[in-house]
Amino acid sequence: MNPTRAALPQWLADHAPAAPLAPAALQQVAREQIHAWGLPSVRDEEWRWTNLRALNQPAPLTSAAPAVSPLMALLPDALFIRFIGGKLSELPEHCPPGLHISRLSDAAPDARQAAFAPVAANANDALLALNTAHADDGLLIEIAPHTELSAPILIDWQDEAAAYAATRVLVRVGAHSRATVIETAQAADTAALWRNSVMVIEQAENSAFTHIGLGLDGAARRLTDRQFVRLPRDARFTSINLQFGGQLVRREIEVDIRDTGAHCNLFGLMMPRGKQVLDTHTRLTHGAAHTTSDERYQIIADDSARGIFKGRILVAQDAQKIQAYQNSRNLLLSPTAEIDTKPELEIYADDVKCSHGATIGRLNPEALYYLTSRGIPTARARALLIQGFAQEILDLLPLPALAEWLAERITQTLSQEIPAQEVPVQKVAGQEVPAQETPQ
Amino acid sequence: MKLLDIHNLHAKIGEKPILRGINLTVNAGEVHAIMGPNGSGKSTLCQVLGGREGYEVTEGSVHFEGQDLLERSTEERATAGLLLGFQHPVEIPGVKNIYLLKEALNAQRAAQGLSEVDTFAFMKQVRELTKSMGMDDAFLHRGVNDGFSGGEKKRNEILQMLLLQPKLALLDETDSGLDIDALKIVSEGINRLRGSDRGIVLVTHYQRLLSYVEPDFVHILYQGRIIKSGDKSLALQLEAEGYQDILDAAS
Ligand SMILES: Nc1ncnc2c1ncn2[C@@H]1O[C@H](COP(=O)(O)OP(=O)(O)OP(=O)(O)O)[C@@H](O)[C@H]1O
Ligand SMILES: [Mg+2]
């Protein structure tokens, strides 16, 4: 045990669940790990920018007043699953043929084993170990081979009514099948539940799976979430990560491209405001030749908020002829907001096409002036510009109704706001960090 | 009736005085042309009237329909009926042209106490205007001026003008960068706005435009002042003789 590391906060130990779901041996290892590691700290490489101090205190309890998910009206066909305070409270009444959804505790031993397969390696993974030790509810979503789900599966996380929750979800997508899972998180602004979740996605050959992570209301929500994806031959994975609030949201998306012909899209938009911290780390491994990836992330940070994006791409030595594109475009709306963006490319193959670029800009004062010169009020003009910037990512959503609703929501929210600080017109030139294109 | 009344207007950009005593009155029904060598302050005058930040009025006054214009914000000037056609319209990727048009029209209607425009009627009107400007409907769904050619940007300015029907249009070199056909289309657009209750100010370097849109008055702006005014024959004289004689005579 490393004596310099802080122990797990006492309140967490008090919240340790009575009946965690992981196989006993894995639980035992995980408990020893978190005993040794405590929570990750800024001294851990993967946590340099994200301080978890907020987690030292338990959240005050809020009463459960589950809102109706706005997505139910938007996507009336969706198969609806609800968790309240990290506890499964609703499953779809009927599933279409080829789809099986169950509580993880009801799943067969092999599925449970698979759900807990990812193992923590070091202190950077402390939250994974914590989840393995604590997860006491979750889901198994199983899609049989050759199944095309026309309606999305919607997991509605009502992050209230508890201080802490640990959940585990396993998604298995059969060969040649297609499916979409949408996870939305929302809570009252006073609810400060910390949910530490893990999702494991196992895709079979030539399957196509889309995951949409949607962080909606809940200014005080705390979410740490880790996703593991494995792509065999010709499989296709798309992640669309849209975060619009939360005191602390940290997502880690790990995709392991293991065989030829597989493709991965990683798209993200984070819009922190107030003092929110929204953070996503992606880790993508091209482990086989002739695989491709497309990654686009945007952060729009206002007030004194922080947005963090770190995108790691590792190309293994024999992964020749791969193509990896990464782009991070960011918008800083206030002088006290902060954006940290870091591409990290590690390339061991020699015949690859990789490009990456990162820019941080401000609202273009010329554009703002142009819009107001047409009579559009300043706050509205600003909202249109911000929404226009975000639109690039929203346009990547495969569900037009959802994209439209989100766009409207962004403009509405922003138009009602009086900008904390008038954007100085003419005085500030866009501080653009030029994009770097690095052909390898 | 006086639409625009500029009196002894002085303005600077940063510490640099650019406008040095402009006097100009535009009455309803009139078309004025402002000409003058590069750097004489024509665009600066337009931007000062538009209310752009960083342009500081140091002396003088501007009244629009009898009201002090300078104390109003840019958006208030626009909803009051002033429209600025930019010499270099900015590109705004991400904000669709059609949204700009709708937001602008609704802002104007809100200022007049009217409800939001009916979407169907709006689309119909916009399509007609787009067609009249020789533009394809696809332009409506692109980002504002995003990747537009110089001429397309200018047509887009006139499209906005025709939709918003301003009381006073201030068009800064709307004719530059246009081919002959586009110049004709743009001129026809401007002529359609022309009317007894409206005023138009054209900033231009070329007689070409003025043969399509005949001005009632022509002014020559030089070093921040109007040094000569006349009727449309002044533009013809300039075309034939250049600026030198007039500038010499004025100094
Ligand atoms: N932002 C600025 N800072 C400093 N000087 C400026 C700025 N903008 C314009 N100027 C100066 O103000 C003067 C007038 O410029 P303006 O653009 O008004 O001229 P113009 O008459 O429109 O010229 P053109 O016919 O070339 O369009 C020029 O000397 C120009 O360099
Ligand atoms: Mg000019």
# chains A, B, ... in the order shown; residues from 1 in each chain; ligands from 1
>>> residues_around(residues="B:Leu162", least_positions_apart="2", cutoff="8 Å", atoms="only C-alpha atoms", output="ChimeraX atom specification")
/B:129,158-160,164-166,189,193
>>> residues_near_ligand(ligand="ligand 2", cutoff="9 Å", atoms="only C-alpha atoms and all ligand atoms", output="PyMOL selection string")
chain B and resi 38-44+46+86-88+172-173+203-204
>>> select_by_dssp(residues="stretch 19-214 of chain A", states="alpha helix (DSSP H)", output="VMD selection string")
chain A and resid 24 to 37 70 to 74 109 to 115 126 to 134
>>> interface_residues(of="chain B", to="chain A", cutoff="9 Å", atoms="only C-alpha atoms", output="PyMOL selection string")
chain B and resi 50-54+73-80+82-84+86+89-96+99-101+103-108+143+160+164
>>> write_last_selection(atoms="N, CA and C atoms", output="short mmCIF file (atom, residue, chain, number, x, y, z; two decimals), in the first residue's frame")
data_model
loop_
_atom_site.label_atom_id
_atom_site.label_comp_id
_atom_site.auth_asym_id
_atom_site.auth_seq_id
_atom_site.Cartn_x
_atom_site.Cartn_y
_atom_site.Cartn_z
N GLY B 50 -24.34 52.24 -38.18
CA GLY B 50 -24.79 50.91 -37.76
C GLY B 50 -24.56 50.67 -36.27
N GLY B 51 -23.70 51.45 -35.66
CA GLY B 51 -23.48 51.32 -34.23
C GLY B 51 -22.43 50.30 -33.87
N ARG B 52 -21.44 50.17 -34.72
CA ARG B 52 -20.41 49.18 -34.46
C ARG B 52 -19.51 49.65 -33.31
N GLU B 53 -19.17 48.70 -32.43
CA GLU B 53 -18.31 49.06 -31.31
C GLU B 53 -16.92 49.36 -31.81
N GLY B 54 -16.24 50.25 -31.10
CA GLY B 54 -14.90 50.62 -31.48
C GLY B 54 -14.86 51.86 -32.37
N SER B 73 -28.82 50.96 -29.50
CA SER B 73 -27.96 49.82 -29.80
C SER B 73 -28.11 49.43 -31.27
N THR B 74 -27.19 48.63 -31.73
CA THR B 74 -27.22 48.17 -33.12
C THR B 74 -28.56 47.52 -33.46
N GLU B 75 -29.03 46.63 -32.58
CA GLU B 75 -30.28 45.93 -32.91
C GLU B 75 -31.48 46.88 -32.90
N GLU B 76 -31.43 47.88 -32.03
CA GLU B 76 -32.53 48.85 -32.01
C GLU B 76 -32.55 49.69 -33.29
N ARG B 77 -31.39 50.02 -33.77
CA ARG B 77 -31.32 50.78 -35.03
C ARG B 77 -31.94 49.95 -36.16
N ALA B 78 -31.60 48.67 -36.15
CA ALA B 78 -32.11 47.80 -37.21
C ALA B 78 -33.62 47.66 -37.12
N THR B 79 -34.13 47.42 -35.93
CA THR B 79 -35.58 47.22 -35.83
C THR B 79 -36.33 48.53 -36.04
N ALA B 80 -35.63 49.67 -35.88
CA ALA B 80 -36.26 50.95 -36.17
C ALA B 80 -36.37 51.19 -37.68
N LEU B 82 -33.40 50.73 -40.02
CA LEU B 82 -32.14 51.02 -40.71
C LEU B 82 -31.49 49.71 -41.12
N LEU B 83 -31.11 49.59 -42.36
CA LEU B 83 -30.43 48.36 -42.77
C LEU B 83 -29.10 48.69 -43.41
N LEU B 84 -28.08 48.00 -42.93
CA LEU B 84 -26.74 48.20 -43.43
C LEU B 84 -26.37 47.05 -44.34
N PHE B 86 -23.38 45.32 -46.02
CA PHE B 86 -21.94 45.37 -45.75
C PHE B 86 -21.09 45.30 -47.02
N PRO B 89 -19.53 41.25 -46.26
CA PRO B 89 -20.39 40.48 -45.34
C PRO B 89 -19.62 39.31 -44.73
N VAL B 90 -19.79 39.13 -43.44
CA VAL B 90 -19.03 38.10 -42.73
C VAL B 90 -19.65 36.73 -42.98
N GLU B 91 -18.81 35.71 -42.95
CA GLU B 91 -19.30 34.34 -43.11
C GLU B 91 -19.62 33.77 -41.73
N ILE B 92 -20.79 33.19 -41.59
CA ILE B 92 -21.18 32.62 -40.30
C ILE B 92 -21.55 31.15 -40.47
N PRO B 93 -20.56 30.28 -40.54
CA PRO B 93 -20.90 28.87 -40.69
C PRO B 93 -21.69 28.39 -39.47
N GLY B 94 -22.62 27.50 -39.68
CA GLY B 94 -23.38 26.96 -38.54
C GLY B 94 -24.72 27.65 -38.34
N VAL B 95 -24.82 28.93 -38.74
CA VAL B 95 -26.11 29.60 -38.64
C VAL B 95 -26.71 29.66 -40.04
N LYS B 96 -27.79 28.92 -40.21
CA LYS B 96 -28.37 28.85 -41.55
C LYS B 96 -28.96 30.18 -41.97
N TYR B 99 -32.47 30.76 -41.01
CA TYR B 99 -32.68 31.13 -39.61
C TYR B 99 -32.44 32.62 -39.42
N LEU B 100 -31.35 33.09 -40.03
CA LEU B 100 -31.06 34.52 -39.93
C LEU B 100 -32.25 35.33 -40.42
N LEU B 101 -32.77 34.96 -41.58
CA LEU B 101 -33.89 35.70 -42.16
C LEU B 101 -35.09 35.69 -41.22
N GLU B 103 -35.21 34.97 -37.93
CA GLU B 103 -34.94 35.66 -36.66
C GLU B 103 -35.00 37.16 -36.85
N ALA B 104 -34.43 37.63 -37.95
CA ALA B 104 -34.39 39.07 -38.20
C ALA B 104 -35.80 39.61 -38.41
N LEU B 105 -36.58 38.88 -39.19
CA LEU B 105 -37.95 39.34 -39.45
C LEU B 105 -38.78 39.33 -38.15
N ASN B 106 -38.61 38.27 -37.38
CA ASN B 106 -39.36 38.19 -36.13
C ASN B 106 -38.92 39.26 -35.12
N ALA B 107 -37.64 39.57 -35.12
CA ALA B 107 -37.16 40.63 -34.23
C ALA B 107 -37.82 41.96 -34.61
N GLN B 108 -37.89 42.19 -35.90
CA GLN B 108 -38.51 43.42 -36.38
C GLN B 108 -40.00 43.46 -36.02
N GLY B 143 -24.90 27.89 -44.36
CA GLY B 143 -24.55 28.86 -43.33
C GLY B 143 -24.56 30.26 -43.95
N GLN B 160 -31.88 40.02 -47.94
CA GLN B 160 -32.26 40.41 -46.57
C GLN B 160 -32.97 41.75 -46.58
N LEU B 164 -36.73 42.55 -45.21
CA LEU B 164 -36.92 43.40 -44.03
C LEU B 164 -37.54 44.75 -44.37
#
>>> residues_around(residues="stretch 17-22 of chain B", least_positions_apart="3", cutoff="9 Å", atoms="only C-alpha atoms", output="list of chain:residue names")
B:Ile6, B:His7, B:Asn8, B:Leu9, B:His10, B:Ala11, B:Lys12, B:Ile13, B:Gly14, B:Ser40, B:Gly41, B:Lys42, B:Thr44, B:Leu45, B:Val57, B:Thr58, B:Glu59, B:Gly60, B:Leu221, B:Gln223, B:Gly224, B:Arg225, B:Ile226
>>> residues_around(residues="stretch 19-36 of chain A", least_positions_apart="5", cutoff="8 Å", atoms="only C-alpha atoms", output="JSON, numbers by chain")
{"A": [1, 2, 5, 7, 8, 104, 105, 112, 113, 116, 120, 126, 129, 130, 132, 133, 134, 135, 136, 137]}
>>> closest_residue(among="B:Leu168, B:Val126, B:Ile34, B:Leu238", to="ligand 1", atoms="only C-alpha atoms and all ligand atoms")
B:Ile34
>>> residues_around(residues="B:Val201", least_positions_apart="6", cutoff="6 Å", atoms="only C-alpha atoms", output="VMD selection string")
chain B and resid 31 to 33 170
>>> residues_around(residues="A:Ile141", least_positions_apart="2", cutoff="8 Å", atoms="only C-alpha atoms", output="list of chain:residue names")
A:Leu99, A:His100, A:Ile101, A:Ser102, A:Leu139, A:Ile143, A:Val169, A:Leu170, A:Val171, A:Arg172
>>> closest_residue(among="A:Gly86, A:Gly174, A:Gly261, A:Pro97", to="A:Leu193", atoms="only C-alpha atoms")
A:Gly86
>>> atom_distance(atom1="atom CA of A:Ala78", atom2="atom CA of A:Pro152")
5.0 Å
>>> atom_distance(atom1="atom CA of A:Asp340", atom2="atom CA of A:Ser197")
23.8 Å
>>> atom_distance(atom1="atom CA of A:Ala73", atom2="atom CA of A:Leu396")
21.1 Å
>>> select_by_dssp(residues="stretch 22-180 of chain A", states="strand (DSSP E)", output="PyMOL selection string")
chain A and resi 79-84+87-90+99-103+137-143+153-158+164-173+178-180
>>> closest_residue(among="A:Gln276, A:Thr180, A:Thr167, A:Gln10", to="A:Leu128", atoms="only C-alpha atoms")
A:Thr167
